[in-house]
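A.B. asks: Quick one, input00.cif (mmCIF, C-alpha atoms and all ligand atoms):
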```
data_model
loop_
_atom_site.label_atom_id
_atom_site.label_comp_id
_atom_site.auth_asym_id
_atom_site.auth_seq_id
_atom_site.Cartn_x
_atom_site.Cartn_y
_atom_site.Cartn_z
CA MET A 78 0.00 0.00 0.00
CA SER A 79 1.72 3.10 -1.17
CA GLU A 80 -1.15 5.54 -0.90
CA GLN A 81 -0.37 8.74 0.95
CA PRO A 82 -2.12 9.21 4.28
CA LEU A 83 -5.22 11.39 4.34
CA VAL A 84 -5.22 14.16 6.94
CA SER A 85 -8.62 15.44 8.11
CA ILE A 86 -9.00 18.80 9.75
CA VAL A 87 -12.24 19.25 11.67
CA ILE A 88 -13.42 22.72 12.62
CA PRO A 89 -16.63 23.27 14.61
CA CYS A 90 -18.03 26.72 13.88
CA PHE A 91 -20.69 28.69 15.62
CA ASN A 92 -21.16 32.20 14.26
CA GLU A 93 -17.63 32.44 12.92
CA ALA A 94 -18.30 34.29 9.67
CA GLY A 95 -15.66 36.88 10.58
CA ASN A 96 -12.98 34.21 11.00
CA ILE A 97 -13.49 31.73 8.18
CA THR A 98 -11.65 33.66 5.46
CA GLU A 99 -8.66 34.46 7.63
CA LEU A 100 -8.52 30.93 9.00
CA TYR A 101 -8.53 29.51 5.49
CA ALA A 102 -5.85 31.97 4.43
CA GLN A 103 -3.61 30.86 7.30
CA LEU A 104 -4.34 27.18 6.77
CA THR A 105 -3.71 27.21 3.03
CA PRO A 106 0.13 27.28 3.02
CA ILE A 107 0.18 24.45 5.54
CA LEU A 108 -2.40 22.36 3.73
CA GLN A 109 -0.56 22.75 0.44
CA GLN A 110 2.34 20.82 1.89
CA LEU A 111 0.14 17.84 2.67
CA PRO A 112 -0.18 15.16 0.03
CA ARG A 113 -3.83 14.52 0.83
CA TYR A 114 -6.17 16.37 3.13
CA GLU A 115 -9.79 17.26 3.75
CA LEU A 116 -11.00 20.36 5.56
CA LEU A 117 -14.27 19.59 7.30
CA PHE A 118 -16.24 22.51 8.71
CA VAL A 119 -19.13 21.71 11.02
CA ASP A 120 -21.62 24.53 11.16
CA ASP A 121 -23.23 24.30 14.57
CA GLY A 122 -26.41 26.20 13.74
CA SER A 123 -24.75 29.54 13.00
CA LYS A 124 -27.00 32.48 12.26
CA ASP A 125 -24.42 34.76 10.64
CA GLY A 126 -23.87 33.12 7.27
CA THR A 127 -20.90 31.00 8.34
CA ALA A 128 -22.16 28.13 6.16
CA ASP A 129 -22.43 30.33 3.06
CA MET A 130 -18.86 31.47 3.51
CA VAL A 131 -17.67 27.88 3.68
CA LEU A 132 -19.71 26.95 0.62
CA LYS A 133 -18.13 29.83 -1.28
CA LEU A 134 -14.65 28.58 -0.37
CA LYS A 135 -15.73 25.11 -1.35
CA THR A 136 -16.33 26.14 -4.96
CA GLY A 137 -12.62 26.91 -5.24
CA ASN A 138 -11.31 23.90 -3.31
CA GLU A 139 -12.82 20.44 -3.54
CA HIS A 140 -11.07 19.36 -0.35
CA ILE A 141 -13.39 21.57 1.67
CA LYS A 142 -16.41 19.84 3.16
CA LEU A 143 -19.30 21.15 5.17
CA LEU A 144 -21.72 19.59 7.61
CA GLN A 145 -24.62 21.71 8.76
CA LEU A 146 -26.33 20.78 11.99
CA SER A 147 -30.04 21.44 12.34
CA ARG A 148 -29.52 23.85 15.25
CA ASN A 149 -26.88 24.79 17.81
CA PHE A 150 -25.92 21.59 19.58
CA GLY A 151 -22.80 22.88 21.31
CA HIS A 152 -19.10 22.64 20.63
CA GLN A 153 -18.61 19.06 21.81
CA ALA A 154 -21.53 17.73 19.79
CA ALA A 155 -20.31 19.59 16.69
CA LEU A 156 -16.90 18.05 17.24
CA LYS A 157 -18.47 14.61 17.43
CA ALA A 158 -20.28 15.25 14.15
CA GLY A 159 -16.91 16.11 12.64
CA LEU A 160 -15.14 13.05 14.05
CA ASP A 161 -17.98 10.82 12.87
CA HIS A 162 -17.70 12.07 9.29
CA ALA A 163 -13.97 12.62 8.91
CA LEU A 164 -12.31 10.07 6.65
CA GLY A 165 -8.68 10.75 7.46
CA ASP A 166 -5.98 8.40 8.68
CA CYS A 167 -5.58 11.03 11.32
CA VAL A 168 -7.96 13.78 12.38
CA ILE A 169 -6.90 17.19 13.66
CA SER A 170 -9.54 19.20 15.49
CA MET A 171 -9.20 22.92 16.06
CA ASP A 172 -11.25 26.05 16.76
CA ALA A 173 -12.32 28.41 14.03
CA ASP A 174 -11.29 31.60 15.79
CA LEU A 175 -7.52 31.30 15.19
CA GLN A 176 -6.77 30.84 18.87
CA HIS A 177 -5.30 27.56 17.77
CA PRO A 178 -2.35 28.49 15.56
CA PRO A 179 -2.33 26.53 12.28
CA GLU A 180 1.48 26.83 12.25
CA ILE A 181 1.85 24.00 14.70
CA ILE A 182 -0.06 21.50 12.57
CA PRO A 183 3.23 20.26 11.07
CA ASP A 184 4.50 19.60 14.63
CA LEU A 185 1.41 17.53 15.36
CA LEU A 186 1.91 15.54 12.18
CA LYS A 187 5.57 15.01 13.00
CA LYS A 188 4.66 13.42 16.33
CA TRP A 189 2.06 11.29 14.57
CA ASN A 190 4.68 10.09 12.13
CA GLU A 191 6.84 9.18 15.11
CA GLY A 192 4.09 6.78 16.14
CA TYR A 193 2.02 8.71 18.65
CA GLU A 194 -1.70 8.08 18.38
CA VAL A 195 -2.88 11.10 20.35
CA VAL A 196 -1.02 14.37 20.00
CA PHE A 197 -2.70 16.90 22.27
CA THR A 198 -1.73 20.52 22.63
CA GLN A 199 -1.04 22.47 25.76
CA ARG A 200 -1.41 26.21 25.82
CA GLU A 201 1.29 28.18 27.54
CA GLU A 202 -0.10 30.45 30.23
CA ASP A 203 -1.70 33.29 28.31
CA LYS A 204 -1.18 36.71 29.81
CA ASN A 205 -3.80 38.29 27.57
CA LEU A 206 -6.61 36.08 28.72
CA SER A 207 -8.84 37.75 31.27
CA TRP A 208 -7.86 37.16 34.86
CA MET A 209 -11.27 35.65 35.44
CA LYS A 210 -10.94 33.10 32.64
CA ARG A 211 -7.42 32.14 33.69
CA SER A 212 -8.30 31.60 37.32
CA THR A 213 -11.56 29.77 36.60
CA SER A 214 -9.70 27.47 34.24
CA LYS A 215 -7.02 26.83 36.86
CA LEU A 216 -9.64 26.15 39.51
CA PHE A 217 -11.44 23.75 37.21
CA TYR A 218 -8.35 21.67 36.51
CA LYS A 219 -7.48 21.51 40.20
CA LEU A 220 -10.98 20.42 41.09
CA ALA A 221 -11.26 17.97 38.21
CA GLN A 222 -7.95 16.42 39.13
CA LYS A 223 -9.07 15.93 42.72
CA LEU A 224 -12.50 14.63 41.89
CA SER A 225 -12.20 12.47 38.85
CA SER A 226 -10.25 9.45 37.86
CA VAL A 227 -9.04 10.60 34.45
CA GLN A 228 -6.05 12.81 34.08
CA LEU A 229 -6.76 16.23 32.64
CA HIS A 230 -3.81 18.33 31.56
CA PRO A 231 -4.08 22.04 32.30
CA GLY A 232 -4.17 24.27 29.26
CA THR A 233 -5.51 21.60 26.93
CA ALA A 234 -8.33 22.39 24.55
CA ASP A 235 -9.96 20.58 21.69
CA PHE A 236 -6.92 21.18 19.52
CA ARG A 237 -5.35 17.81 18.92
CA LEU A 238 -4.46 15.13 16.47
CA LEU A 239 -6.06 11.70 16.74
CA ASP A 240 -5.04 8.60 14.91
CA ARG A 241 -7.74 6.72 12.98
CA ALA A 242 -7.66 3.96 15.62
CA VAL A 243 -8.52 6.46 18.34
CA VAL A 244 -11.20 8.17 16.25
CA ASP A 245 -12.85 4.80 15.66
CA VAL A 246 -13.00 4.23 19.40
CA LEU A 247 -14.35 7.71 20.06
CA LYS A 248 -17.04 7.26 17.40
CA GLU A 249 -18.49 4.44 19.46
CA LEU A 250 -18.89 6.71 22.47
CA ASP A 251 -22.14 8.59 22.14
CA GLU A 252 -22.93 9.51 25.70
CA SER A 253 -25.16 12.55 26.05
CA TYR A 254 -22.63 14.51 28.08
CA LEU A 255 -19.61 14.57 25.83
CA PHE A 256 -16.38 15.91 27.23
CA TYR A 257 -13.63 15.08 24.79
CA ARG A 258 -10.80 16.38 26.93
CA GLY A 259 -11.68 13.69 29.45
CA LEU A 260 -12.60 11.01 26.93
CA VAL A 261 -9.38 11.35 24.99
CA SER A 262 -7.41 10.95 28.18
CA TRP A 263 -9.60 8.03 29.20
CA VAL A 264 -9.14 6.00 26.00
CA GLY A 265 -5.41 5.75 26.50
CA PHE A 266 -3.16 4.95 23.49
CA LYS A 267 0.26 6.51 22.99
CA GLN A 268 -0.12 10.18 23.89
CA VAL A 269 2.18 13.14 23.70
CA ALA A 270 1.82 16.89 24.28
CA VAL A 271 2.89 19.77 22.07
CA ARG A 272 3.06 23.19 23.68
CA TYR A 273 2.02 26.38 21.96
CA GLN A 274 1.35 30.05 22.51
CA ALA A 275 -2.35 30.85 22.16
CA ASN A 276 -3.39 33.69 19.88
CA ASP A 277 -6.17 36.14 20.55
CA ARG A 278 -9.51 35.43 19.02
CA PHE A 279 -9.37 36.98 15.53
CA ALA A 280 -12.94 38.25 15.21
CA GLY A 281 -16.12 38.09 17.23
CA SER A 282 -16.34 37.16 20.86
CA SER A 283 -16.15 33.87 22.68
CA ASN A 284 -19.22 31.72 22.41
CA TYR A 285 -18.52 30.24 25.76
CA THR A 286 -20.41 32.30 28.26
CA TYR A 287 -19.56 31.72 31.90
CA ARG A 288 -22.75 29.73 32.09
CA LYS A 289 -21.63 27.41 29.29
CA MET A 290 -18.19 27.13 30.88
CA LEU A 291 -19.67 26.20 34.22
CA ALA A 292 -21.91 23.63 32.56
CA LEU A 293 -18.92 22.14 30.73
CA ALA A 294 -16.87 22.03 33.92
CA LEU A 295 -19.68 20.39 35.85
CA SER A 296 -20.26 17.94 33.05
CA GLY A 297 -16.53 17.24 32.89
CA ILE A 298 -16.45 16.28 36.52
CA THR A 299 -19.72 14.42 36.87
CA SER A 300 -19.23 12.48 33.63
CA PHE A 301 -16.02 10.96 34.84
CA SER A 302 -16.42 10.46 38.50
CA ILE A 303 -18.84 9.45 41.17
CA ARG A 304 -16.58 10.85 43.83
CA PRO A 305 -18.89 13.78 44.60
CA LEU A 306 -21.46 11.17 45.62
CA GLN A 307 -18.98 9.47 47.90
CA LEU A 308 -18.06 12.86 49.26
CA SER A 309 -21.59 13.27 50.58
CA ILE A 310 -21.23 10.11 52.62
CA PHE A 311 -18.06 11.39 54.27
CA LEU A 312 -19.52 14.82 54.81
CA GLY A 313 -22.59 13.18 56.31
CA PHE A 314 -20.45 11.20 58.74
CA PHE A 315 -18.40 14.24 59.60
CA ILE A 316 -21.41 16.36 60.39
CA ALA A 317 -23.18 13.57 62.23
CA SER A 318 -20.17 13.13 64.49
CA LEU A 319 -19.95 16.88 65.08
CA ALA A 320 -23.61 16.86 66.04
CA GLY A 321 -23.04 13.80 68.24
CA SER A 322 -20.20 15.42 70.16
CA TYR A 323 -22.24 18.53 70.57
CA GLY A 324 -25.10 16.42 71.94
CA ILE A 325 -22.78 14.87 74.52
CA TYR A 326 -21.60 18.31 75.52
CA VAL A 327 -25.20 19.48 75.96
CA VAL A 328 -26.00 16.56 78.23
CA TYR A 329 -22.83 17.22 80.19
CA ALA A 330 -23.63 20.92 80.54
CA PHE A 331 -27.14 20.09 81.69
CA ALA A 332 -26.13 17.56 84.28
CA PHE A 333 -22.90 18.93 85.75
CA THR A 334 -22.90 22.69 85.28
CA ASP A 335 -25.35 25.35 86.21
CA GLN A 336 -25.45 26.78 82.71
CA ALA A 337 -28.93 26.69 81.31
CA LEU A 338 -29.32 25.17 77.88
CA PRO A 339 -28.31 27.80 75.34
CA GLY A 340 -31.79 27.56 73.85
CA TRP A 341 -33.03 28.03 70.36
CA ALA A 342 -29.99 29.78 68.89
CA SER A 343 -27.79 26.72 68.68
CA THR A 344 -30.74 24.54 67.70
CA THR A 345 -31.69 26.79 64.85
CA ALA A 346 -28.10 27.11 63.71
CA SER A 347 -27.52 23.41 63.55
CA VAL A 348 -30.85 22.71 61.88
CA LEU A 349 -30.08 25.30 59.23
CA PHE A 350 -26.57 24.01 58.75
CA ILE A 351 -27.64 20.43 58.33
CA GLY A 352 -30.52 21.52 56.12
CA GLY A 353 -28.08 23.33 53.89
CA VAL A 354 -25.74 20.40 53.65
CA GLN A 355 -28.67 18.14 52.82
CA LEU A 356 -29.77 20.45 50.05
CA ILE A 357 -26.29 20.49 48.54
CA MET A 358 -26.09 16.72 48.61
CA LEU A 359 -29.57 16.43 47.20
CA GLY A 360 -28.39 18.65 44.37
CA VAL A 361 -25.37 16.43 43.75
CA LEU A 362 -27.60 13.38 43.74
CA GLY A 363 -30.04 15.16 41.44
CA GLU A 364 -27.26 15.95 38.99
CA TYR A 365 -26.48 12.26 38.60
CA VAL A 366 -30.09 11.12 38.54
CA GLY A 367 -30.81 13.78 35.92
CA LYS A 368 -27.89 12.64 33.84
CA GLY A 369 -29.13 9.08 33.99
CA PHE A 370 -32.52 10.31 32.86
CA ILE A 371 -31.17 12.19 29.85
CA GLU A 372 -28.78 9.37 28.99
CA GLY A 373 -31.66 6.89 29.18
CA LYS A 374 -33.43 8.61 26.29
CA ARG A 375 -30.52 7.78 24.00
CA ARG A 376 -31.12 10.80 21.84
CA PRO A 377 -28.47 11.49 19.20
CA ASN A 378 -25.80 14.06 20.04
CA TYR A 379 -26.58 16.07 16.93
CA ILE A 380 -28.86 16.18 13.90
CA ILE A 381 -27.55 16.91 10.44
CA ARG A 382 -29.56 19.24 8.24
CA ARG A 383 -27.35 19.16 5.19
CA LYS A 384 -24.14 17.48 4.05
CA ASP A 385 -21.80 18.92 1.46
CA LEU A 386 -19.05 16.37 1.48
N1 LIG B 1 -18.44 26.41 18.96
C1 LIG B 1 -19.43 25.57 18.45
N2 LIG B 1 -20.65 25.54 19.08
C2 LIG B 1 -20.94 26.29 20.20
C3 LIG B 1 -19.90 27.11 20.72
C4 LIG B 1 -18.67 27.14 20.08
O1 LIG B 1 -19.22 24.88 17.47
O2 LIG B 1 -22.06 26.22 20.70
C5 LIG B 1 -17.13 26.46 18.29
C6 LIG B 1 -16.63 27.86 17.97
O3 LIG B 1 -17.07 28.29 16.70
C7 LIG B 1 -15.13 27.69 18.02
C8 LIG B 1 -14.94 26.63 19.09
O4 LIG B 1 -16.19 25.94 19.19
O5 LIG B 1 -14.62 27.21 16.79
C9 LIG B 1 -14.54 27.22 20.42
O6 LIG B 1 -15.47 28.20 20.80
P1 LIG B 1 -15.04 29.59 21.45
O7 LIG B 1 -13.91 30.19 20.69
O8 LIG B 1 -16.27 30.40 21.58
O9 LIG B 1 -14.55 29.11 22.87
P2 LIG B 1 -13.28 29.59 23.73
O10 LIG B 1 -12.12 29.70 22.81
O11 LIG B 1 -13.68 30.90 24.30
O12 LIG B 1 -13.13 28.52 24.76
MG MG B 2 -11.99 30.57 21.12
#
```
What's the structure tokens form of this structure?
C.D. replies:
Amino acid sequence: MSEQPLVSIVIPCFNEAGNITELYAQLTPILQQLPRYELLFVDDGSKDGTADMVLKLKTGNEHIKLLQLSRNFGHQAALKAGLDHALGDCVISMDADLQHPPEIIPDLLKKWNEGYEVVFTQREEDKNLSWMKRSTSKLFYKLAQKLSSVQLHPGTADFRLLDRAVVDVLKELDESYLFYRGLVSWVGFKQVAVRYQANDRFAGSSNYTYRKMLALALSGITSFSIRPLQLSIFLGFFIASLAGSYGIYVVYAFAFTDQALPGWASTTASVLFIGGVQLIMLGVLGEYVGKGFIEGKRRPNYIIRRKDL
């Protein structure tokens, strides 16, 4: 078999009309050095004509392909659509907003040629990123590391190269709460990191609101770990023993000292405290029950409206 390997590049896009042309311009010199490639854009229900821009590019380059989802399904679902339809011997996923520099694609391919099956990228600490985003991201990785059983590398994003073997495994995974950063780590294979300096977003603003980020972080943790559930057991024990010791003290104070019982203040405080803890744990439990409920429906991760492959 002497055929040259096919390299797929998958780019989920949500309202990226301002970035497509520039992205393509920056990708072109790199793509031209590849013997065979396909450039697969996944339009995640954009409302700003992103799909039309891709279709226009497509008339000049037959390697460009476009999948249009029926509505906005979210970044991870769009990525899954791309992985499911990519044909390459390896698949590189990246963002459309040029935060993931195309220049390092050759480095990813080099590692792949050395035999690595997962080449993930790690962003160097970015001074331009807002303080809030940097510290929330740091906090998330710390928390995720403590709570879940898969290893998450700080500064990783969905900018990575996957060998066909890994893509085929990932295609089989169609859980409702996709979190590829965790899944890719979970599947194993020979992995290596490439470090890079993140660019600023070229045009538009981030589609990840803090709400979406929080949802992704929560989903990242609860999809990979049941430790929060175990935590509630320990917390329960801890608080029960605190309450127990306090009870002993109350009996002691009543029997051997002349202090009157402190009265309602301590009672109310402890009732409120325990009530609060119970509510938190109920919420944790609810999160998992709810996930089971959604997962049980086995709905597809995305729906395709139109394929231009
Ligand atoms: N994206 C998507 N669907 C969404 C949100 C984002 O396909 O619902 C795409 C977006 O077009 C971009 C990538 O996912 O290519 C990362 O999104 P963004 O740049 O907004 O995230 P950030 O870089 O702020 O984490
Ligand atoms: Mg971005």
A.B. asks: So how many Å separate CA of Gly232 in chain A and CA of Phe217 in chain A, to one decimal?
C.D. replies: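 Answer for the CA of Gly232 in chain A to CA of Phe217 in chain A separation: 10.8 Å.
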A.B. asks: What does the list of residues within 10 Å of ligand MG 2 (chain B) look like if you count all atoms listed in the file, written as a tab-separated table (two decimals) with C-alpha atoms, keeping the file's coordinate frame?
C.D. replies:
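Below you can see result_16.tsv, which holds the result:
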```tsv
chain	number	residue	atom	x	y	z
A	171	MET	CA	-9.20	22.92	16.06
A	172	ASP	CA	-11.25	26.05	16.76
A	173	ALA	CA	-12.32	28.41	14.03
A	174	ASP	CA	-11.29	31.60	15.79
A	175	LEU	CA	-7.52	31.30	15.19
A	176	GLN	CA	-6.77	30.84	18.87
A	177	HIS	CA	-5.30	27.56	17.77
A	234	ALA	CA	-8.33	22.39	24.55
A	275	ALA	CA	-2.35	30.85	22.16
A	276	ASN	CA	-3.39	33.69	19.88
A	277	ASP	CA	-6.17	36.14	20.55
A	278	ARG	CA	-9.51	35.43	19.02
A	279	PHE	CA	-9.37	36.98	15.53
A	280	ALA	CA	-12.94	38.25	15.21
A	281	GLY	CA	-16.12	38.09	17.23
A	282	SER	CA	-16.34	37.16	20.86
A	283	SER	CA	-16.15	33.87	22.68
A	284	ASN	CA	-19.22	31.72	22.41
A	285	TYR	CA	-18.52	30.24	25.76
```
A.B. asks: Find the axis-aligned box for ligand LIG 1 (chain B), covering all its listed atoms and adding 3 Å on each side, and write its centre and edge lengths in Å to one decimal as AutoDock Vina command-line options.
C.D. replies:
```
--center_x -17.1 --center_y 27.9 --center_z 20.7 --size_x 15.9 --size_y 12.0 --size_z 14.1
```
A.B. asks: Could you pull the residues within 8 Å of range 126-142 of chain A, counting all atoms listed in the file, minus those fewer than 2 positions along the same chain, as a compact mmCIF listing (two decimals) with C-alpha atoms, in the frame of the given file?
C.D. replies:
```txt
# COMPACT_ATOMS: atom_id res chain seq x y z
CA CYS A 90 -18.03 26.72 13.88
CA PHE A 91 -20.69 28.69 15.62
CA ASN A 92 -21.16 32.20 14.26
CA GLU A 93 -17.63 32.44 12.92
CA ALA A 94 -18.30 34.29 9.67
CA ILE A 97 -13.49 31.73 8.18
CA THR A 98 -11.65 33.66 5.46
CA TYR A 114 -6.17 16.37 3.13
CA GLU A 115 -9.79 17.26 3.75
CA LEU A 116 -11.00 20.36 5.56
CA LEU A 117 -14.27 19.59 7.30
CA PHE A 118 -16.24 22.51 8.71
CA ASP A 120 -21.62 24.53 11.16
CA SER A 123 -24.75 29.54 13.00
CA LYS A 124 -27.00 32.48 12.26
CA LEU A 144 -21.72 19.59 7.61
CA GLN A 145 -24.62 21.71 8.76
CA ASP A 385 -21.80 18.92 1.46
CA LEU A 386 -19.05 16.37 1.48
```
A.B. asks: Please determine, counting all atoms listed in the file, which residue among A:Asp166, A:Glu99, A:Glu194, A:Glu201 has the shortest atom-to-atom distance to Gln274 in chain A.
C.D. replies: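 Smallest distance to Gln274 in chain A is found for A:Glu201.
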A.B. asks: Would you pick out the contacts of Pro183 in chain A at 10 Å or less, using all atoms listed in the file, so that residues sharing its chain but fewer than 4 positions from it are not included, and give the list as a list in words?
C.D. replies: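 Residues near the query, excluding close chain neighbours: Ile107, Leu108, Gln110, Leu111, Pro179, Lys187, Lys188 and Trp189 of chain A.
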A.B. asks: For a cut-off of 9 Å around (-18.1, 14.8, 27.1), file coordinates, pick out all residues using only C-alpha atoms and list them as JSON, numbers by chain.
C.D. replies: {"A": [153, 154, 251, 252, 253, 254, 255, 256, 257, 258, 259, 260, 293, 296, 297, 300, 301]}
